[in-house]
>>> print(open('target33.cif').read())   # mmCIF, C-alpha atoms
data_final
#
loop_
_atom_site.group_PDB
_atom_site.id
_atom_site.type_symbol
_atom_site.label_atom_id
_atom_site.label_comp_id
_atom_site.auth_asym_id
_atom_site.auth_seq_id
_atom_site.Cartn_x
_atom_site.Cartn_y
_atom_site.Cartn_z
ATOM 1 C CA MET A 19 0.000 0.000 0.000
ATOM 2 C CA ARG A 20 2.810 2.364 0.777
ATOM 3 C CA PHE A 21 4.372 1.556 -2.559
ATOM 4 C CA LEU A 22 1.223 2.391 -4.391
ATOM 5 C CA ARG A 23 0.792 5.596 -2.395
ATOM 6 C CA ARG A 24 4.338 6.635 -3.161
ATOM 7 C CA SER A 25 3.955 6.030 -6.801
ATOM 8 C CA THR A 26 0.819 8.130 -6.793
ATOM 9 C CA THR A 27 2.714 10.982 -5.230
ATOM 10 C CA ASP A 28 5.556 10.641 -7.726
ATOM 11 C CA SER A 29 3.180 10.603 -10.622
ATOM 12 C CA ALA A 30 1.453 13.706 -9.305
ATOM 13 C CA THR A 31 4.793 15.416 -8.973
ATOM 14 C CA THR A 32 5.696 14.405 -12.506
ATOM 15 C CA ASP A 33 2.351 15.663 -13.824
ATOM 16 C CA THR A 34 2.851 18.936 -12.004
ATOM 17 C CA GLU A 35 6.329 19.433 -13.445
ATOM 18 C CA THR A 36 5.438 18.533 -17.043
ATOM 19 C CA PRO A 37 3.634 21.792 -18.001
ATOM 20 C CA ASP A 38 6.553 23.819 -16.680
ATOM 21 C CA SER A 39 9.016 21.920 -18.851
ATOM 22 C CA GLU A 40 6.769 22.318 -21.890
ATOM 23 C CA ALA A 41 6.516 26.061 -21.264
ATOM 24 C CA VAL A 42 10.286 26.253 -21.098
ATOM 25 C CA GLU A 43 10.583 24.423 -24.414
ATOM 26 C CA VAL A 44 8.021 26.741 -26.099
ATOM 27 C CA GLN A 45 9.804 29.780 -24.705
ATOM 28 C CA ALA A 46 13.135 28.459 -25.970
ATOM 29 C CA LYS A 47 11.709 27.980 -29.465
ATOM 30 C CA ALA A 48 10.062 31.425 -29.568
ATOM 31 C CA TYR A 49 13.159 33.229 -28.321
ATOM 32 C CA THR A 50 15.405 34.701 -31.028
ATOM 33 C CA PRO A 51 18.884 35.611 -29.902
ATOM 34 C CA GLY A 52 20.251 39.029 -30.847
ATOM 35 C CA LYS A 53 22.458 39.449 -33.965
ATOM 36 C CA GLY A 54 25.053 41.439 -32.112
ATOM 37 C CA LYS A 55 24.990 44.226 -34.747
ATOM 38 C CA ALA A 56 22.485 46.684 -36.237
ATOM 39 C CA THR A 57 20.493 45.770 -39.363
ATOM 40 C CA PRO A 58 22.069 47.510 -42.407
ATOM 41 C CA LYS A 59 20.029 50.201 -44.141
ATOM 42 C CA ARG A 60 18.608 49.640 -47.617
ATOM 43 C CA ARG A 61 20.992 52.137 -49.195
ATOM 44 C CA GLU A 62 23.981 50.415 -47.620
ATOM 45 C CA ALA A 63 22.761 46.989 -48.732
ATOM 46 C CA GLU A 64 22.297 48.165 -52.336
ATOM 47 C CA ALA A 65 25.723 49.807 -52.361
ATOM 48 C CA LYS A 66 27.254 46.586 -51.056
ATOM 49 C CA ARG A 67 25.521 44.628 -53.804
ATOM 50 C CA ARG A 68 26.771 46.954 -56.512
ATOM 51 C CA GLY A 69 30.307 46.758 -55.301
ATOM 52 C CA PRO A 70 32.813 49.394 -54.263
ATOM 53 C CA VAL A 71 32.097 52.974 -55.351
ATOM 54 C CA ALA A 72 34.606 54.486 -57.742
ATOM 55 C CA PRO A 73 36.580 57.407 -56.326
ATOM 56 C CA PRO A 74 35.605 60.887 -57.581
ATOM 57 C CA PRO A 75 37.492 62.217 -60.619
ATOM 58 C CA THR A 76 40.538 64.293 -59.813
ATOM 59 C CA THR A 77 40.746 66.216 -63.093
ATOM 60 C CA MET A 78 38.259 67.744 -65.532
ATOM 61 C CA ARG A 79 39.477 65.459 -68.296
ATOM 62 C CA GLU A 80 38.813 62.386 -66.186
ATOM 63 C CA ALA A 81 35.312 63.647 -65.307
ATOM 64 C CA MET A 82 34.492 64.253 -68.978
ATOM 65 C CA LYS A 83 35.755 60.806 -69.897
ATOM 66 C CA ARG A 84 33.660 59.176 -67.177
ATOM 67 C CA ASN A 85 30.539 61.100 -68.237
ATOM 68 C CA LYS A 86 31.122 60.040 -71.826
ATOM 69 C CA GLU A 87 31.340 56.394 -70.794
ATOM 70 C CA LEU A 88 28.156 56.695 -68.724
ATOM 71 C CA ARG A 89 26.266 58.259 -71.634
ATOM 72 C CA LYS A 90 27.546 55.585 -73.982
ATOM 73 C CA SER A 91 26.420 52.776 -71.679
ATOM 74 C CA ALA A 92 23.024 54.464 -71.169
ATOM 75 C CA LYS A 93 22.474 54.895 -74.913
ATOM 76 C CA SER A 94 23.099 51.200 -75.501
ATOM 77 C CA ASP A 95 20.183 50.404 -73.197
ATOM 78 C CA PRO A 96 16.977 49.800 -75.276
ATOM 79 C CA GLU A 97 14.756 51.142 -72.502
ATOM 80 C CA TYR A 98 16.766 54.375 -72.442
ATOM 81 C CA LYS A 99 16.363 54.765 -76.213
ATOM 82 C CA ALA A 100 12.624 54.195 -75.990
ATOM 83 C CA LYS A 101 12.308 56.788 -73.222
ATOM 84 C CA GLN A 102 14.330 59.301 -75.248
ATOM 85 C CA ARG A 103 12.130 58.774 -78.311
ATOM 86 C CA ASN A 104 8.945 59.176 -76.293
ATOM 87 C CA ALA A 105 10.281 62.314 -74.598
ATOM 88 C CA ALA A 106 11.304 63.843 -77.947
ATOM 89 C CA LYS A 107 7.902 63.013 -79.433
ATOM 90 C CA GLU A 108 6.110 64.601 -76.493
ATOM 91 C CA ARG A 109 8.262 67.755 -76.710
ATOM 92 C CA ARG A 110 7.545 68.006 -80.441
ATOM 93 C CA GLU A 111 3.800 67.642 -79.949
ATOM 94 C CA ARG A 112 3.711 70.247 -77.173
ATOM 95 C CA MET A 113 5.825 72.642 -79.224
ATOM 96 C CA MET A 114 3.543 72.268 -82.227
ATOM 97 C CA ALA A 115 0.563 72.876 -79.917
ATOM 98 C CA GLY A 116 2.098 76.222 -78.896
ATOM 99 C CA GLU A 117 2.899 75.628 -75.218
ATOM 100 C CA ASP A 118 5.284 78.374 -74.077
ATOM 101 C CA LYS A 119 7.453 76.005 -72.040
ATOM 102 C CA TYR A 120 8.447 74.023 -75.138
ATOM 103 C CA LEU A 121 8.756 76.863 -77.647
ATOM 104 C CA LEU A 122 11.963 78.552 -78.728
ATOM 105 C CA PRO A 123 12.723 81.818 -76.878
ATOM 106 C CA ARG A 124 11.864 83.866 -79.991
ATOM 107 C CA ASP A 125 8.330 82.381 -80.088
ATOM 108 C CA ARG A 126 7.409 82.707 -76.401
ATOM 109 C CA GLY A 127 4.967 85.129 -74.874
ATOM 110 C CA PRO A 128 1.429 86.359 -75.576
ATOM 111 C CA VAL A 129 2.692 89.082 -77.928
ATOM 112 C CA LYS A 130 4.336 86.583 -80.287
ATOM 113 C CA ALA A 131 1.262 84.333 -80.118
ATOM 114 C CA TYR A 132 -0.935 87.285 -81.132
ATOM 115 C CA ILE A 133 1.398 88.140 -84.044
ATOM 116 C CA ARG A 134 1.241 84.545 -85.253
ATOM 117 C CA ASP A 135 -2.558 84.593 -85.128
ATOM 118 C CA LEU A 136 -2.669 87.834 -87.131
ATOM 119 C CA VAL A 137 -0.378 86.397 -89.793
ATOM 120 C CA ASP A 138 -2.179 83.030 -89.938
ATOM 121 C CA SER A 139 -5.599 84.661 -90.281
ATOM 122 C CA ARG A 140 -4.700 86.047 -93.738
ATOM 123 C CA ARG A 141 -3.495 84.609 -97.034
ATOM 124 C CA ASN A 142 -0.202 86.287 -97.891
ATOM 125 C CA LEU A 143 1.775 86.572 -101.089
ATOM 126 C CA LEU A 144 4.827 85.838 -98.958
ATOM 127 C CA GLY A 145 3.560 82.278 -98.566
ATOM 128 C CA LEU A 146 4.770 81.638 -102.139
ATOM 129 C CA PHE A 147 8.363 82.568 -101.266
ATOM 130 C CA MET A 148 9.654 78.997 -100.881
ATOM 131 C CA PRO A 149 7.850 77.583 -103.963
ATOM 132 C CA LEU A 150 9.172 80.545 -105.927
ATOM 133 C CA ALA A 151 12.733 79.781 -104.804
ATOM 134 C CA ILE A 152 12.307 76.174 -105.985
ATOM 135 C CA LEU A 153 10.986 77.435 -109.346
ATOM 136 C CA VAL A 154 14.016 79.670 -109.817
ATOM 137 C CA PHE A 155 16.371 76.781 -108.996
ATOM 138 C CA VAL A 156 14.678 74.514 -111.555
ATOM 139 C CA ALA A 157 14.715 77.251 -114.207
ATOM 140 C CA LEU A 158 18.443 77.777 -113.746
ATOM 141 C CA ILE A 159 19.110 74.060 -114.249
ATOM 142 C CA LEU A 160 17.160 73.859 -117.521
ATOM 143 C CA PRO A 161 19.318 74.564 -120.608
ATOM 144 C CA TYR A 162 16.787 77.008 -122.085
ATOM 145 C CA PRO A 163 17.828 80.670 -121.966
ATOM 146 C CA GLU A 164 14.321 81.868 -122.807
ATOM 147 C CA VAL A 165 12.798 79.948 -119.877
ATOM 148 C CA GLN A 166 15.466 81.302 -117.568
ATOM 149 C CA ARG A 167 14.764 84.855 -118.728
ATOM 150 C CA TYR A 168 11.008 84.634 -118.103
ATOM 151 C CA ALA A 169 11.562 82.874 -114.782
ATOM 152 C CA THR A 170 13.960 85.617 -113.675
ATOM 153 C CA LEU A 171 11.479 88.331 -114.671
ATOM 154 C CA LEU A 172 8.629 86.597 -112.845
ATOM 155 C CA CYS A 173 10.726 86.126 -109.717
ATOM 156 C CA THR A 174 11.785 89.770 -109.712
ATOM 157 C CA VAL A 175 8.190 90.979 -109.918
ATOM 158 C CA MET A 176 7.090 88.523 -107.218
ATOM 159 C CA LEU A 177 9.922 89.519 -104.895
ATOM 160 C CA LEU A 178 9.079 93.203 -105.234
ATOM 161 C CA GLY A 179 5.441 92.433 -104.446
ATOM 162 C CA MET A 180 6.470 90.373 -101.414
ATOM 163 C CA ILE A 181 8.673 93.154 -100.079
ATOM 164 C CA VAL A 182 5.879 95.726 -100.394
ATOM 165 C CA GLU A 183 3.387 93.360 -98.791
ATOM 166 C CA GLY A 184 5.819 92.535 -95.982
ATOM 167 C CA VAL A 185 6.395 96.221 -95.137
ATOM 168 C CA LEU A 186 2.689 97.085 -95.165
ATOM 169 C CA SER A 187 1.752 93.967 -93.204
ATOM 170 C CA GLY A 188 4.474 94.641 -90.626
ATOM 171 C CA ARG A 189 3.209 98.181 -89.998
ATOM 172 C CA ARG A 190 -0.381 96.994 -89.716
ATOM 173 C CA ILE A 191 0.495 94.187 -87.285
ATOM 174 C CA ALA A 192 2.721 96.465 -85.173
ATOM 175 C CA LYS A 193 -0.150 98.944 -84.840
ATOM 176 C CA MET A 194 -2.583 96.200 -83.789
ATOM 177 C CA VAL A 195 -0.091 94.789 -81.276
ATOM 178 C CA ARG A 196 0.361 98.207 -79.647
ATOM 179 C CA LEU A 197 -3.407 98.524 -79.293
ATOM 180 C CA LYS A 198 -3.722 95.003 -77.881
ATOM 181 C CA PHE A 199 -0.770 95.336 -75.479
ATOM 182 C CA PRO A 200 -0.407 99.020 -74.525
ATOM 183 C CA ASN A 201 1.899 98.235 -71.599
ATOM 184 C CA GLU A 202 4.390 96.281 -73.713
ATOM 185 C CA ALA A 203 7.440 97.893 -75.331
ATOM 186 C CA VAL A 204 6.724 96.998 -78.960
ATOM 187 C CA LYS A 205 9.401 97.633 -81.591
ATOM 188 C CA GLY A 206 8.050 98.009 -85.106
ATOM 189 C CA THR A 207 11.106 96.501 -86.790
ATOM 190 C CA SER A 208 11.072 93.445 -84.530
ATOM 191 C CA VAL A 209 7.344 92.845 -85.041
ATOM 192 C CA GLY A 210 7.651 93.409 -88.793
ATOM 193 C CA TRP A 211 10.551 90.982 -89.158
ATOM 194 C CA TYR A 212 8.853 88.293 -87.056
ATOM 195 C CA SER A 213 5.644 88.570 -89.063
ATOM 196 C CA PHE A 214 7.649 88.538 -92.322
ATOM 197 C CA ILE A 215 9.424 85.300 -91.375
ATOM 198 C CA ARG A 216 6.143 83.707 -90.270
ATOM 199 C CA ALA A 217 4.307 84.701 -93.435
ATOM 200 C CA SER A 218 7.115 83.510 -95.733
ATOM 201 C CA GLN A 219 6.823 79.934 -94.458
ATOM 202 C CA ILE A 220 4.483 77.374 -95.987
ATOM 203 C CA ARG A 221 1.402 77.138 -93.811
ATOM 204 C CA LYS A 222 1.723 73.409 -93.135
ATOM 205 C CA LEU A 223 5.371 73.807 -92.073
ATOM 206 C CA ARG A 224 4.859 76.651 -89.595
ATOM 207 C CA VAL A 225 5.987 76.012 -86.017
ATOM 208 C CA PRO A 226 3.927 76.116 -83.893
ATOM 209 C CA LYS A 227 0.892 75.118 -85.925
ATOM 210 C CA PRO A 228 -1.598 77.861 -86.810
ATOM 211 C CA ARG A 229 -4.441 78.157 -84.313
ATOM 212 C CA VAL A 230 -6.719 80.094 -86.694
ATOM 213 C CA SER A 231 -7.817 79.586 -90.264
ATOM 214 C CA PRO A 232 -7.580 82.151 -93.076
ATOM 215 C CA GLY A 233 -10.454 84.587 -92.746
ATOM 216 C CA ASP A 234 -10.956 84.136 -88.998
ATOM 217 C CA LYS A 235 -11.255 87.256 -86.874
ATOM 218 C CA VAL A 236 -8.501 87.665 -84.288
#
>>> encode(input="target33.cif", output="structure tokens")
Amino acid sequence: MRFLRRSTTDSATTDTETPDSEAVEVQAKAYTPGKGKATPKRREAEAKRRGPVAPPPTTMREAMKRNKELRKSAKSDPEYKAKQRNAAKERRERMMAGEDKYLLPRDRGPVKAYIRDLVDSRRNLLGLFMPLAILVFVALILPYPEVQRYATLLCTVMLLGMIVEGVLSGRRIAKMVRLKFPNEAVKGTSVGWYSFIRASQIRKLRVPKPRVSPGDKV
């Protein structure tokens, strides 16, 4: 009887001690020992992956050479080429649309936009300047003196008419610009020359594209 009683006590003791040992085991598994050092930052990890950083250039020649190599390696990348093409296409479209940010300095500002609208709203004799130049070139190539003589006479008359039209149109546009922008310092020669250059271009080749059609009121 004593033996049985003792065994009962031992078993109770064992049962009492078992949960504590299991708790210790669970705690041991859940415990993560410290690394002993701080976790590296993302920038440091990326730099370590890339390798050692090259020292900065000591001379201007070395810096130019390194920049040239970087540009060459970037240009060989197909993604870089695609991005460059898309960026150039977007700049071209915005420039043709007349956005000031993408225009040349000579074409920026509301005054220049108004001059372009005044020129584009009329049909000008100056618009035949480039076709006339091509006609003269072809006439000079042909081995017919009579054709060359008539072509020269026609070109002379047309050029005189273009000059007269350009002067009169420049004065008219300068007057309208002064009325539209009284606070702006408008120079007649500058306005006249800008309108002359705009009018002498073929309408489809004008940059930026015309916003008005011939006959529209500006």
>>> resolve_selection(input="target33.cif", expression="the PyMOL selection byres ((chain A and resi 221) around 12)", output="PDB file with C-alpha atoms, in the frame of the given file")
ATOM      1  CA  ARG A 134       1.241  84.545 -85.253  1.00  0.00           C
ATOM      2  CA  VAL A 137      -0.378  86.397 -89.793  1.00  0.00           C
ATOM      3  CA  ASP A 138      -2.179  83.030 -89.938  1.00  0.00           C
ATOM      4  CA  SER A 139      -5.599  84.661 -90.281  1.00  0.00           C
ATOM      5  CA  ARG A 140      -4.700  86.047 -93.738  1.00  0.00           C
ATOM      6  CA  ARG A 141      -3.495  84.609 -97.034  1.00  0.00           C
ATOM      7  CA  ASN A 142      -0.202  86.287 -97.891  1.00  0.00           C
ATOM      8  CA  LEU A 143       1.775  86.572-101.089  1.00  0.00           C
ATOM      9  CA  LEU A 144       4.827  85.838 -98.958  1.00  0.00           C
ATOM     10  CA  GLY A 145       3.560  82.278 -98.566  1.00  0.00           C
ATOM     11  CA  LEU A 146       4.770  81.638-102.139  1.00  0.00           C
ATOM     12  CA  PHE A 147       8.363  82.568-101.266  1.00  0.00           C
ATOM     13  CA  MET A 148       9.654  78.997-100.881  1.00  0.00           C
ATOM     14  CA  ILE A 215       9.424  85.300 -91.375  1.00  0.00           C
ATOM     15  CA  ARG A 216       6.143  83.707 -90.270  1.00  0.00           C
ATOM     16  CA  ALA A 217       4.307  84.701 -93.435  1.00  0.00           C
ATOM     17  CA  SER A 218       7.115  83.510 -95.733  1.00  0.00           C
ATOM     18  CA  GLN A 219       6.823  79.934 -94.458  1.00  0.00           C
ATOM     19  CA  ILE A 220       4.483  77.374 -95.987  1.00  0.00           C
ATOM     20  CA  LYS A 222       1.723  73.409 -93.135  1.00  0.00           C
ATOM     21  CA  LEU A 223       5.371  73.807 -92.073  1.00  0.00           C
ATOM     22  CA  ARG A 224       4.859  76.651 -89.595  1.00  0.00           C
ATOM     23  CA  VAL A 225       5.987  76.012 -86.017  1.00  0.00           C
ATOM     24  CA  PRO A 226       3.927  76.116 -83.893  1.00  0.00           C
ATOM     25  CA  LYS A 227       0.892  75.118 -85.925  1.00  0.00           C
ATOM     26  CA  PRO A 228      -1.598  77.861 -86.810  1.00  0.00           C
ATOM     27  CA  ARG A 229      -4.441  78.157 -84.313  1.00  0.00           C
ATOM     28  CA  VAL A 230      -6.719  80.094 -86.694  1.00  0.00           C
ATOM     29  CA  SER A 231      -7.817  79.586 -90.264  1.00  0.00           C
ATOM     30  CA  PRO A 232      -7.580  82.151 -93.076  1.00  0.00           C
TER      31      PRO A 232
END
>>> residues_around(input="target33.cif", residues="range 190-200 of chain A", least_positions_apart="5", cutoff="7 Å", atoms="all atoms listed in the file", output="PyMOL selection string")
chain A and resi 133+206+209-210
>>> atom_distance(input="target33.cif", atom1="CA of Met113 in chain A", atom2="CA of Arg126 in chain A")
10.6 Å
>>> atom_distance(input="target33.cif", atom1="CA of Glu117 in chain A", atom2="CA of Ala105 in chain A")
15.2 Å
>>> closest_residue(input="target33.cif", among="A:Tyr98, A:Tyr212, A:Tyr162, A:Phe155", to="Asp125 in chain A", atoms="all atoms listed in the file")
A:Tyr212
